[in-house]
Each structure stands twice: as C-alpha cells, then as structure tokens.
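Structure, as structure tokens:
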Amino acid sequence: MKAMALSSLCNLNQENNPLNLTDLPEPIPDNNEILVRIATCGVCHTELDEIEGRAPPSFFPMVLGHQVVGKVEQLGPSANRFNIGDRVGIAWIYTSCGKCAFCLSGKENLCPDFKATGRDAHGGYAEFIKVSQDFAYKIPDNLSDVQTAPLLCAGAIGYRSLMLANPENGQALGLTGFGASAHIVLKLVKFRYPDTKVYVFARGMEERKFALELGADWAGGTEDDSPVKLDCIIDTTPAWLPVVKGLENLKAGGRLVINAIRKEGADKDHLMGLEYEKHLWMEKEIKSVANITRRDVTEFLQIASEITLVPEVQEFALADANYALMELKQRKIRGAKVLRIDD
Ligand SMILES: [Zn+2]
Ligand SMILES: [Zn+2]
C-alpha cells in the first residue's frame, strides 16, 4: 500500500520534505482488529512534534496521522462490532491497557500504557490501517469523510478542553491560538453557550480576521490585554507567552486550560516574567489536556452530528502531505488541513 512515512527525526527549519512516499505491506487484522480502507486523514500540529522529536515515534519508519476516516475492508477472526463497508473513524487513542486505575475510571487518556495512533502504531497517512474494533467509532451519516477527519482530534480534543475549562453560559471565554482546534471550539461554543462572548488571541492578522468571520466577539494579538477579564481561556499554541499573558488576562478564580501535547522552547524566557500576584494569586488555575478518551470522541461525534458542525477544511493529496505539514509549521492556517486518500 502507498504511505507517506517518516524514517527519522528531522529539523523542519532545514528539511522541507520529512515524509517519503513509500510502499508498505498492507496490514492484516488479527483477533478483534479491523482493517480500514482510508478515505481521509486530518493533519495535526502533533505531527510536527513527532517529526521534530518533541513527541517522537516509538519506531521507524512510522506512518503518522491520527484523524482517520475510512470504510471497514476486512474483519479479524473475532471482530464482530462492525460490518464490512461500515464507515468508521480512528482517533489519537489507539489502545490503552484497560486494567489500570485510570482505564477503569474512564481516564484512559492518562493510562501509562496509552498507545497513540501514528506514534506507537501506524496511522492514517496511508491507504490502509488496522485497529482494534474497540478503538474505532461509527461515523454519523450526515458527516462527510473530509469534514469528519478534523473532528477526530482537533474537534474531540477541543471538546475535552472545553469540558475541562467548564464555562457557564454567559461567562467570558478566551481562545489563545486560532488553528484547527480553536476554530471548531468557537463553533461549538456558539451553539452550546449562546450568551458566552469569545475573545480570540492570535499572532497573525489572517487568523484574527478568520475568527471574527466565524463569530468571535473580539480578536487581538497574543500579547494584548483582554478588553475584559476572562473566566476561562483555552491555549492551543506551542508557545509560552500565551500562558503568561493568559494568566494575566484571567479573572479571579479563572482557569487556563492548555491544549498542547508539547510546548516549544523558543520563547520560554517569558516564564521569567511570571509574577505570583499578577498571574497566579486569586485562585487562578492551570490545567493541561492530555490525550483523549473514547468517550470524548463518541460524545463529540454525536454533538457534531446533531448540530451539523462543519469545520473549515483545506484538502491535500496524500503525496502532498509534506506541503500541508510545512504550511502548518509556517502557521499558514485557516481551519483544518485534511489529506484525501481515496481519490
Ligand atoms: Zn491531533
Ligand atoms: Zn490503563
């Protein structure tokens, strides 16, 4: 099968073609696994963390990609949850142990044996993928292959972030960074919390303009003072300034939720500007978002189907995956990027 694979870590400031188009053996489903013929796969910022070594793959070559939509092509000997031809999605959670205290309490995202799609097992930048039937999701009929792909990470982890931020309708919410995830969160907030005002902080003018087009109440720079103090902020950036500035922009008792698998080091100096009284005192909270549970994905797909949540999507061919990744690296972002594989 055709796949775009990563054969070693690299620095994307020097190398623009990290993935190679390769021919890999088609996977064979064992036990309760299913083989899926991939239609689309979303491109996520986490792929940059994998390529550059901040969240390295567990083996090479690795097929990246964890927002996979396709049709069941073949069933393993004991697989019985899906039928051949069913449309399914696969998300960042590829498997977890199922036995530890985290797994048993619905916090499988924190399992020490958490395995990630496209990092610890081959992902969706390919024609086929295999996965346990317990870690695949039926896709609602009213969501298209292309629109569903970004819902599986950007959307579902955005949903988890929003649940952790836990705003009440009418409270002021900040989004710092405005990529694939934040733009879906904005659409979700407009539906779920109609009286909540959303304040978007983004580096680029294009991202700010895009946020206002999608209904944000205000858009400014990452370094700007918020026009009002905020009840909660979701940070989706790889940088540190948004953390420090976000804490400053919070109201007393406010909450900053960091939805990023890794932070980069370039602007870490900003942390030296952290002052207890200005940034942390008055019961301000910080919480990171780690991974995702099956429940997050299932609940979010259901909501997306009910409200017909349609993300803004740019499509790329599988062979153009490097191009999509470099655009993400250069922060040329307008909504979500998706590879179309079954053309
Ligand atoms: Zn992702
Ligand atoms: Zn576990």
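In the structure tokens, the first chain shown is A, the next is B, and so on; residue numbers restart at 1 for each chain, and ligands run from 1 in the order shown.
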
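Near ligand 2, the residues found within 6 Å are Ser96, Cys97, Gly98, Lys99, Cys100, Phe102, Cys103, Glu108, Cys111 and Asp113 of chain A (criterion computed using only C-alpha atoms and all ligand atoms).
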
Per residue of chain A within 7 Å of ligand 1, record the nearest atom pair and its distance in Å to one decimal, counting only C-alpha atoms and all ligand atoms, with rows in chain order and ascending residue number, as CSV.
```
residue,atom,partner,partner_atom_place_in_ligand_line,distance
A:Cys44,CA,ligand 1,1 (Zn),4.6
A:His45,CA,ligand 1,1 (Zn),6.4
A:Thr46,CA,ligand 1,1 (Zn),5.4
A:His66,CA,ligand 1,1 (Zn),6.3
A:Trp92,CA,ligand 1,1 (Zn),6.5
A:Cys153,CA,ligand 1,1 (Zn),4.6
A:Ala154,CA,ligand 1,1 (Zn),5.8
```

Mind writing the picked residues with N, CA, C and O atoms as a short mmCIF file (atom, residue, chain, number, x, y, z; two decimals), in the first residue's frame?
```
data_model
loop_
_atom_site.label_atom_id
_atom_site.label_comp_id
_atom_site.auth_asym_id
_atom_site.auth_seq_id
_atom_site.Cartn_x
_atom_site.Cartn_y
_atom_site.Cartn_z
N CYS A 44 -2.41 17.20 11.83
CA CYS A 44 -2.45 17.82 13.17
C CYS A 44 -1.09 18.39 13.53
O CYS A 44 -0.05 17.86 13.12
N HIS A 45 -1.09 19.43 14.35
CA HIS A 45 0.16 20.03 14.82
C HIS A 45 1.04 19.01 15.55
O HIS A 45 2.27 19.12 15.55
N THR A 46 0.41 18.00 16.13
CA THR A 46 1.18 16.95 16.84
C THR A 46 2.16 16.24 15.90
O THR A 46 3.21 15.78 16.34
N HIS A 66 -3.55 10.76 12.91
CA HIS A 66 -4.45 10.18 13.91
C HIS A 66 -5.86 10.75 13.83
O HIS A 66 -6.54 10.83 14.84
N TRP A 92 -6.67 9.65 18.16
CA TRP A 92 -5.33 9.59 18.77
C TRP A 92 -5.18 8.38 19.68
O TRP A 92 -4.12 7.78 19.77
N CYS A 153 -9.58 14.75 16.10
CA CYS A 153 -8.58 15.21 17.09
C CYS A 153 -8.84 16.67 17.41
O CYS A 153 -9.20 17.02 18.53
N ALA A 154 -8.67 17.54 16.42
CA ALA A 154 -8.88 18.97 16.65
C ALA A 154 -10.23 19.19 17.35
O ALA A 154 -10.33 19.94 18.32
#
```

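Nearest to A:Leu339 of all the residues A:Ala211, A:Met4, A:Ile303, A:Ala79 is A:Met4, based on only C-alpha atoms.
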
Got a sec: who's within 12 Å of A:Thr117, counting only C-alpha atoms, leaving out chain neighbours fewer than 6 positions off, as a PyMOL selection string? chain A and resi 41+46-47+50+57-58+62-68+89-96+123-125+129-132+135-136+152-153+291-292

Which one is closest to A:Lys138: A:Asn249, A:Asn17, A:Thr298, A:Asn259? Count only C-alpha atoms. A:Thr298

Extract, using only C-alpha atoms, all DNA, RNA and protein residues at most 8 Å from A:Lys197, discarding same-chain residues fewer than 6 positions from it, and format them as an MDAnalysis selection string. chainID A and resid 170:173 216:217

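Relative to atom CA of A:Ala165, atom CA of A:Ser288 is found at 10.1 Å.
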